[in-house]
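> This is coords_38.csv (CSV, C-alpha atoms).
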chain,number,residue,atom,x,y,z
A,24,MET,CA,-78.1,16.7,-63.8
A,25,ARG,CA,-76.6,16.5,-60.4
A,26,SER,CA,-77.8,18.6,-57.5
A,27,LEU,CA,-75.9,21.8,-56.9
A,28,LEU,CA,-74.0,22.3,-53.6
A,29,SER,CA,-74.6,25.8,-52.3
A,30,ILE,CA,-71.3,27.3,-51.2
A,31,GLY,CA,-71.1,30.5,-49.1
A,32,ILE,CA,-67.7,32.2,-49.5
A,33,LEU,CA,-66.1,35.0,-47.4
A,34,ALA,CA,-62.8,36.1,-48.9
A,35,ALA,CA,-61.1,38.9,-50.7
A,36,THR,CA,-62.0,39.4,-54.3
A,37,ALA,CA,-58.7,37.9,-55.6
A,38,VAL,CA,-59.1,34.8,-53.4
A,39,VAL,CA,-62.8,34.4,-54.5
A,40,GLN,CA,-61.5,34.3,-58.1
A,41,LYS,CA,-59.0,31.6,-57.2
A,42,LEU,CA,-61.7,29.5,-55.4
A,43,SER,CA,-64.1,29.8,-58.3
A,44,GLU,CA,-61.5,28.6,-60.8
A,45,ALA,CA,-60.5,25.7,-58.5
A,46,LEU,CA,-64.1,24.6,-58.2
A,47,LYS,CA,-64.7,24.9,-61.9
A,48,GLN,CA,-61.7,22.6,-62.5
A,49,SER,CA,-63.0,20.2,-59.9
A,50,ALA,CA,-66.4,20.1,-61.6
A,51,SER,CA,-65.1,19.8,-65.2
A,52,GLY,CA,-64.3,16.1,-64.8
A,53,ASP,CA,-67.9,15.2,-65.5
A,54,GLN,CA,-68.8,16.6,-68.9
A,55,GLY,CA,-68.6,20.1,-67.6
A,56,ILE,CA,-71.5,19.8,-65.2
A,57,VAL,CA,-71.2,22.6,-62.6
A,58,ASP,CA,-71.6,21.1,-59.1
A,59,TYR,CA,-71.4,24.3,-57.1
A,60,ALA,CA,-73.6,27.4,-56.7
A,61,LEU,CA,-71.2,30.0,-55.4
A,62,ASN,CA,-72.3,32.9,-53.3
A,63,ALA,CA,-69.3,35.1,-52.6
A,64,PHE,CA,-69.0,38.0,-50.1
A,65,THR,CA,-66.2,40.2,-48.9
A,66,ASP,CA,-68.2,41.6,-45.9
A,67,THR,CA,-68.8,39.4,-42.9
A,68,ALA,CA,-72.3,40.8,-42.2
A,69,ASP,CA,-73.4,40.2,-45.7
A,70,LEU,CA,-72.4,36.5,-45.5
A,71,PHE,CA,-74.0,36.1,-42.1
A,72,ASN,CA,-77.3,37.6,-43.4
A,73,PHE,CA,-77.2,35.3,-46.4
A,74,VAL,CA,-76.6,32.2,-44.3
A,75,GLN,CA,-79.5,33.1,-42.0
A,76,SER,CA,-82.0,33.4,-44.9
A,77,ASN,CA,-80.8,30.7,-47.3
A,78,HIS,CA,-79.9,27.0,-47.4
A,79,VAL,CA,-76.1,26.8,-47.5
A,80,ASP,CA,-74.3,23.5,-47.8
A,81,CYS,CA,-70.7,24.5,-47.0
A,82,LEU,CA,-68.7,27.6,-46.1
A,83,LEU,CA,-65.4,28.6,-47.6
A,84,LEU,CA,-63.8,31.2,-45.3
A,85,GLN,CA,-60.5,33.0,-45.9
A,86,ALA,CA,-58.5,33.0,-42.6
A,87,ASN,CA,-58.1,36.4,-41.0
A,88,PRO,CA,-57.6,37.7,-37.4
A,89,THR,CA,-61.3,38.5,-37.1
A,90,LEU,CA,-62.7,35.3,-38.5
A,91,GLN,CA,-63.4,33.9,-35.0
A,92,VAL,CA,-66.0,36.6,-34.5
A,93,LEU,CA,-68.0,35.2,-37.3
A,94,LEU,CA,-67.7,31.7,-36.1
A,95,ASP,CA,-68.8,32.7,-32.6
A,96,GLN,CA,-71.8,34.5,-34.1
A,97,LEU,CA,-72.8,31.3,-36.0
A,98,ASN,CA,-72.4,29.3,-32.8
A,99,ARG,CA,-74.7,31.7,-30.9
A,100,GLU,CA,-77.4,31.4,-33.5
A,101,ALA,CA,-77.0,27.5,-33.6
A,102,ILE,CA,-76.0,27.7,-37.3
A,103,PHE,CA,-73.6,24.8,-38.0
A,104,LEU,CA,-72.2,24.1,-41.5
A,105,PRO,CA,-69.4,22.1,-43.0
A,106,THR,CA,-66.5,24.6,-43.3
A,107,VAL,CA,-63.2,24.9,-45.2
A,108,ILE,CA,-60.9,27.6,-44.0
A,109,ILE,CA,-58.4,28.8,-46.6
A,110,GLN,CA,-55.1,29.7,-45.0
A,111,PRO,CA,-53.3,32.8,-46.3
A,112,GLU,CA,-49.9,33.0,-48.0
A,113,PRO,CA,-47.1,31.1,-46.1
A,114,GLU,CA,-45.4,34.4,-45.2
A,115,ARG,CA,-48.5,35.2,-43.1
A,116,PRO,CA,-49.4,31.9,-41.4
A,117,LEU,CA,-52.3,31.5,-38.9
A,118,SER,CA,-52.4,28.7,-36.4
A,119,ASP,CA,-55.2,26.1,-36.9
A,120,CYS,CA,-56.0,26.3,-33.2
A,121,GLN,CA,-57.0,30.0,-33.5
A,122,PHE,CA,-60.4,29.0,-34.8
A,123,THR,CA,-63.1,27.2,-32.8
A,124,TYR,CA,-66.3,26.1,-34.5
A,125,HIS,CA,-66.7,22.3,-34.7
A,126,ALA,CA,-64.7,19.3,-35.7
A,127,ALA,CA,-65.9,19.3,-39.3
A,128,VAL,CA,-63.7,22.2,-40.2
A,129,ARG,CA,-61.0,21.5,-42.9
A,130,GLN,CA,-57.9,23.7,-43.3
A,131,LEU,CA,-56.5,24.3,-46.7
A,132,SER,CA,-53.7,26.6,-47.9
A,133,VAL,CA,-53.9,28.6,-51.1
A,134,GLN,CA,-51.2,26.3,-52.6
A,135,GLN,CA,-53.6,23.3,-52.1
A,136,LEU,CA,-56.6,24.7,-54.0
A,137,GLY,CA,-56.4,21.8,-56.4
A,138,GLN,CA,-57.8,19.7,-53.5
A,139,LEU,CA,-60.7,22.1,-52.8
A,140,GLY,CA,-63.4,19.8,-54.1
A,141,LEU,CA,-62.1,17.0,-52.0
A,142,ALA,CA,-61.8,19.2,-49.0
A,143,ILE,CA,-65.5,20.2,-49.3
A,144,ASP,CA,-66.5,16.5,-49.6
A,145,GLN,CA,-64.4,15.6,-46.6
A,146,ALA,CA,-65.9,18.5,-44.5
A,147,ILE,CA,-69.4,17.4,-45.4
A,148,SER,CA,-68.7,13.8,-44.7
A,149,LYS,CA,-67.2,14.7,-41.3
A,150,PHE,CA,-70.1,17.1,-40.5
A,151,ILE,CA,-72.7,14.3,-41.1
A,152,GLN,CA,-71.0,12.3,-38.4
A,153,LEU,CA,-70.9,15.0,-35.7
A,154,SER,CA,-72.6,14.2,-32.5
A,155,PRO,CA,-73.6,17.3,-30.3
A,156,GLY,CA,-72.4,17.2,-26.8
A,157,SER,CA,-69.5,14.8,-27.4
A,158,ALA,CA,-65.9,15.9,-26.9
A,159,GLU,CA,-65.1,14.8,-30.4
A,160,SER,CA,-67.6,17.2,-32.0
A,161,GLY,CA,-65.6,20.3,-31.0
A,162,MET,CA,-68.8,22.1,-30.5
A,163,PRO,CA,-69.3,24.6,-27.6
A,164,VAL,CA,-70.8,23.4,-24.4
A,165,THR,CA,-74.2,25.0,-24.1
A,166,ALA,CA,-75.3,26.7,-20.9
A,167,THR,CA,-78.8,25.4,-20.6
A,168,ALA,CA,-80.9,22.4,-21.6
A,169,ILE,CA,-82.9,24.6,-23.9
A,170,GLU,CA,-79.8,25.7,-25.7
A,171,ALA,CA,-78.5,22.2,-25.9
A,172,LEU,CA,-81.8,21.0,-27.4
A,173,ALA,CA,-81.7,23.9,-30.0
A,174,THR,CA,-78.1,23.0,-30.9
A,175,HIS,CA,-79.0,19.3,-31.3
A,176,LYS,CA,-82.1,20.1,-33.4
A,177,SER,CA,-80.3,22.6,-35.6
A,178,LEU,CA,-77.4,20.2,-36.2
A,179,MET,CA,-79.6,17.2,-37.0
A,180,GLU,CA,-81.8,19.2,-39.4
A,181,GLN,CA,-78.7,20.3,-41.3
A,182,GLN,CA,-77.2,16.8,-41.3
A,183,LEU,CA,-80.4,15.3,-42.7
A,184,ARG,CA,-80.6,18.0,-45.4
A,185,LEU,CA,-77.0,17.3,-46.4
A,186,ALA,CA,-77.6,13.6,-46.4
A,187,GLU,CA,-80.5,14.2,-48.8
A,188,LYS,CA,-78.3,16.3,-51.0
A,189,LEU,CA,-75.6,13.6,-51.0
A,190,LYS,CA,-78.2,11.0,-52.0
A,191,GLU,CA,-79.2,13.3,-54.9
A,192,ARG,CA,-75.6,13.7,-56.0
A,193,LEU,CA,-74.3,10.2,-55.3
A,194,GLY,CA,-77.3,8.0,-55.0
A,195,TYR,CA,-78.0,6.1,-51.7
A,196,LEU,CA,-74.7,4.2,-52.1
A,197,GLY,CA,-72.6,4.6,-49.0
A,198,VAL,CA,-75.1,6.7,-46.9
A,199,TYR,CA,-75.4,3.7,-44.6
A,200,TYR,CA,-71.7,4.1,-43.6
A,201,LYS,CA,-72.1,7.9,-43.0
A,202,ARG,CA,-74.1,7.2,-39.9
A,203,ASN,CA,-72.4,8.0,-36.6
A,204,PRO,CA,-72.9,5.3,-34.0
A,205,GLN,CA,-72.8,8.0,-31.3
A,206,ASN,CA,-76.1,9.3,-32.7
A,207,PHE,CA,-77.8,5.8,-32.4
A,208,LEU,CA,-80.8,5.6,-30.1
A,209,ARG,CA,-79.2,2.8,-28.1
A,210,HIS,CA,-76.1,4.9,-27.4
A,211,MET,CA,-77.9,8.1,-26.3
A,212,ALA,CA,-78.1,9.4,-22.8
A,213,LEU,CA,-81.5,8.8,-21.3
A,214,GLU,CA,-82.6,12.5,-21.6
A,215,GLN,CA,-81.5,12.7,-25.2
A,216,ARG,CA,-83.2,9.3,-26.0
A,217,ASP,CA,-86.5,10.5,-24.4
A,218,ASP,CA,-86.3,13.8,-26.5
A,219,LEU,CA,-85.8,11.9,-29.7
A,220,LEU,CA,-88.6,9.4,-29.0
A,221,ARG,CA,-91.0,12.3,-28.2
A,222,GLN,CA,-90.0,13.9,-31.5
A,223,LEU,CA,-90.6,10.7,-33.4
A,224,LYS,CA,-94.0,10.2,-31.7
A,225,ALA,CA,-95.1,13.8,-32.5
A,226,GLU,CA,-94.0,13.4,-36.1
A,227,TYR,CA,-95.7,10.0,-36.4
A,228,ARG,CA,-98.9,11.5,-34.9
A,229,GLU,CA,-99.0,14.1,-37.6
A,230,ILE,CA,-98.5,11.4,-40.3
A,231,ILE,CA,-101.5,9.5,-38.9
A,232,LEU,CA,-103.7,12.5,-38.7
A,233,ILE,CA,-103.2,13.3,-42.5
A,234,TYR,CA,-102.7,9.8,-43.8
A,235,PHE,CA,-106.2,9.5,-45.4
A,236,LEU,CA,-106.6,13.1,-46.3
A,237,ASN,CA,-104.7,13.2,-49.7
A,238,GLU,CA,-102.3,15.6,-48.2
A,239,PRO,CA,-99.6,16.5,-50.7
A,240,SER,CA,-96.9,16.6,-48.0
A,241,LEU,CA,-97.6,13.1,-46.7
A,242,ASN,CA,-94.7,11.4,-48.4
A,243,GLU,CA,-92.3,14.1,-47.4
A,244,GLN,CA,-93.4,13.8,-43.8
A,245,ILE,CA,-92.9,10.1,-43.9
A,246,ASP,CA,-89.5,10.5,-45.5
A,247,ASN,CA,-88.5,13.0,-42.8
A,248,PHE,CA,-89.6,10.6,-40.1
A,249,VAL,CA,-87.8,7.7,-41.7
A,250,ASN,CA,-84.6,9.9,-42.1
A,251,VAL,CA,-84.5,10.5,-38.4
A,252,ALA,CA,-85.2,6.9,-37.6
A,253,PHE,CA,-82.5,5.8,-40.0
A,254,PHE,CA,-79.7,8.0,-38.8
A,255,ALA,CA,-80.6,7.2,-35.2
A,256,ASP,CA,-80.7,3.5,-36.0
A,257,VAL,CA,-84.2,3.2,-34.4
A,258,PRO,CA,-85.3,-0.4,-34.4
A,259,VAL,CA,-88.6,-1.3,-36.2
A,260,SER,CA,-89.9,-2.7,-32.9
A,261,GLN,CA,-89.6,0.9,-31.5
A,262,ILE,CA,-91.6,2.3,-34.4
A,263,VAL,CA,-94.3,-0.4,-33.8
A,264,GLU,CA,-94.4,0.6,-30.1
A,265,ILE,CA,-94.9,4.3,-31.1
A,266,HIS,CA,-97.7,3.2,-33.4
A,267,MET,CA,-99.4,1.1,-30.7
A,268,ASP,CA,-99.1,3.8,-28.1
A,269,LEU,CA,-100.8,6.3,-30.3
A,270,MET,CA,-103.5,3.8,-31.3
A,271,ASP,CA,-104.2,3.2,-27.5
A,272,GLU,CA,-104.5,7.0,-27.0
A,273,PHE,CA,-106.9,7.4,-29.9
A,274,SER,CA,-108.9,4.4,-28.8
A,275,LYS,CA,-109.4,5.9,-25.4
A,276,HIS,CA,-110.6,9.2,-26.9
A,277,LEU,CA,-113.0,7.5,-29.2
A,278,LYS,CA,-114.5,5.4,-26.4
A,279,ILE,CA,-114.9,8.6,-24.2
A,280,GLU,CA,-116.9,10.1,-27.2
A,281,GLY,CA,-119.0,6.9,-27.4
A,282,ARG,CA,-117.5,6.0,-30.8
A,283,SER,CA,-116.2,2.7,-32.1
A,284,ASP,CA,-112.4,2.3,-32.4
A,285,GLU,CA,-112.6,-0.2,-35.3
A,286,VAL,CA,-111.6,2.6,-37.6
A,287,LEU,CA,-108.2,2.6,-36.1
A,288,LEU,CA,-107.5,-0.8,-37.8
A,289,ASP,CA,-107.2,1.1,-41.1
A,290,TYR,CA,-104.1,2.8,-39.7
A,291,ARG,CA,-102.2,-0.4,-39.9
A,292,LEU,CA,-101.6,0.8,-43.4
A,293,THR,CA,-99.8,3.8,-42.0
A,294,LEU,CA,-97.4,1.5,-40.1
A,295,ILE,CA,-96.8,-0.7,-43.1
A,296,ASP,CA,-96.2,2.3,-45.3
A,297,THR,CA,-93.7,3.8,-42.9
A,298,ILE,CA,-91.8,0.6,-42.3
A,299,ALA,CA,-91.7,0.0,-46.1
A,300,HIS,CA,-90.1,3.5,-46.5
A,301,LEU,CA,-87.5,2.6,-43.9
A,302,CYS,CA,-86.7,-0.8,-45.4
A,303,GLU,CA,-86.3,0.8,-48.9
A,304,MET,CA,-83.8,3.3,-47.4
A,305,TYR,CA,-81.8,0.5,-45.9
A,306,ARG,CA,-82.0,-1.6,-49.1
A,307,ARG,CA,-80.8,1.3,-51.3
A,308,SER,CA,-78.2,2.6,-48.9
A,309,ILE,CA,-76.2,-0.5,-48.1
A,310,PRO,CA,-73.5,-1.1,-50.8
A,311,ARG,CA,-73.9,-4.4,-52.5
A,312,GLU,CA,-71.0,-6.8,-52.4
A,313,SER,CA,-69.3,-7.2,-55.7
So that I can check it, write out the structure of this file as structure tokens.

Amino acid sequence: MRSLLSIGILAATAVVQKLSEALKQSASGDQGIVDYALNAFTDTADLFNFVQSNHVDCLLLQANPTLQVLLDQLNREAIFLPTVIIQPEPERPLSDCQFTYHAAVRQLSVQQLGQLGLAIDQAISKFIQLSPGSAESGMPVTATAIEALATHKSLMEQQLRLAEKLKERLGYLGVYYKRNPQNFLRHMALEQRDDLLRQLKAEYREIILIYFLNEPSLNEQIDNFVNVAFFADVPVSQIVEIHMDLMDEFSKHLKIEGRSDEVLLDYRLTLIDTIAHLCEMYRRSIPRES
């Protein structure tokens, strides 16, 4: 059974019914398996509270004159999600440019609901490629470095979670080509690059500390580390450098305590395991030539 996509809906009751029917038809092409978990609301506050406390994969929002208030609220809370805005009837059109959120927003009229499943997939695909801070992202310019870091962290976490969901639904095939080169380590600004390397070093340190403790979360932590490295196209040599830097730090501490640092040789297994995870992700994600 394929993984469900959690959809948050804000629309009038009649429109919710149309959206539900359109998604059921979209899902019925595969032996009736339902692909979507729908969470529908008619009140903006109810939807916002739901999004804050639950994992939501995509938003379906009926266009209305007050919709920008919700989008601004999501921006302030650094909540970024793939979004499809359903335009009203032709006699009451709303301009696309009225809504500012990010560049992964798709617009769809009620006459195009037969394309709703495709629009959701397109919104998610575009969202995974967003790069915070770039003009193409369509995301707001943050006032402080702290806000910028929070925005980047929130966006990356959601992108990684959606990438995992896509792998569950579609397998690894094609994930390699979902990566956005603007998010690659070698293309980052110096400050952003340093932040990412600090994050990777901190995560790898945690992996080392629990590696021989039979910690149930070990594989998950390695996978999280590898996901970040994969989407940022971090070279293996950089991961080796992070490992060696940490080994040097641990060695100095052990020597200060008068203890041998030979035990650190065992942690070569940690490095081998991590690189093996990364290689497996590349192996399974690059489509094979026919």
> Between A:Ala45, A:Leu241, A:Leu301, A:Ala101, which one has atoms that come closest to Val74 in chain A, using only C-alpha atoms?
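For Val74 in chain A, the nearest of the candidates is A:Ala101.
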> Show me, as a list in words, the residues that have an atom within 9 Å of Leu28 in chain A when counting only C-alpha atoms, minus same-chain residues fewer than 6 positions from it.
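Final neighbour list, sorted by chain and number: Asp58, Tyr59, Ala60, Leu61, Val79, Asp80, Cys81 and Lys188 of chain A.
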> Find, counting only C-alpha atoms, the residue in A:Arg228, A:Pro204, A:Gln135, A:Asp256 that gets nearest to Glu272 in chain A.
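For Glu272 in chain A, the nearest of the candidates is A:Arg228.
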> Give the answer as one residue: which of A:Thr293, A:Ser283, A:Asn247, A:Thr65 has the shortest atom-to-atom distance to Met267 in chain A, using all atoms listed in the file?
A:Thr293
> Taking only C-alpha atoms into account, name the residue in A:Leu288, A:Ala68, A:Gln181, A:Ala255 that is nearest to Asp271 in chain A.
A:Leu288
> Extract, using only C-alpha atoms, all DNA, RNA and protein residues at most 9 Å from Thr67 in chain A, discarding same-chain residues fewer than 5 positions from it, and format them as number ranges by chain.
A: 33, 72, 90, 93
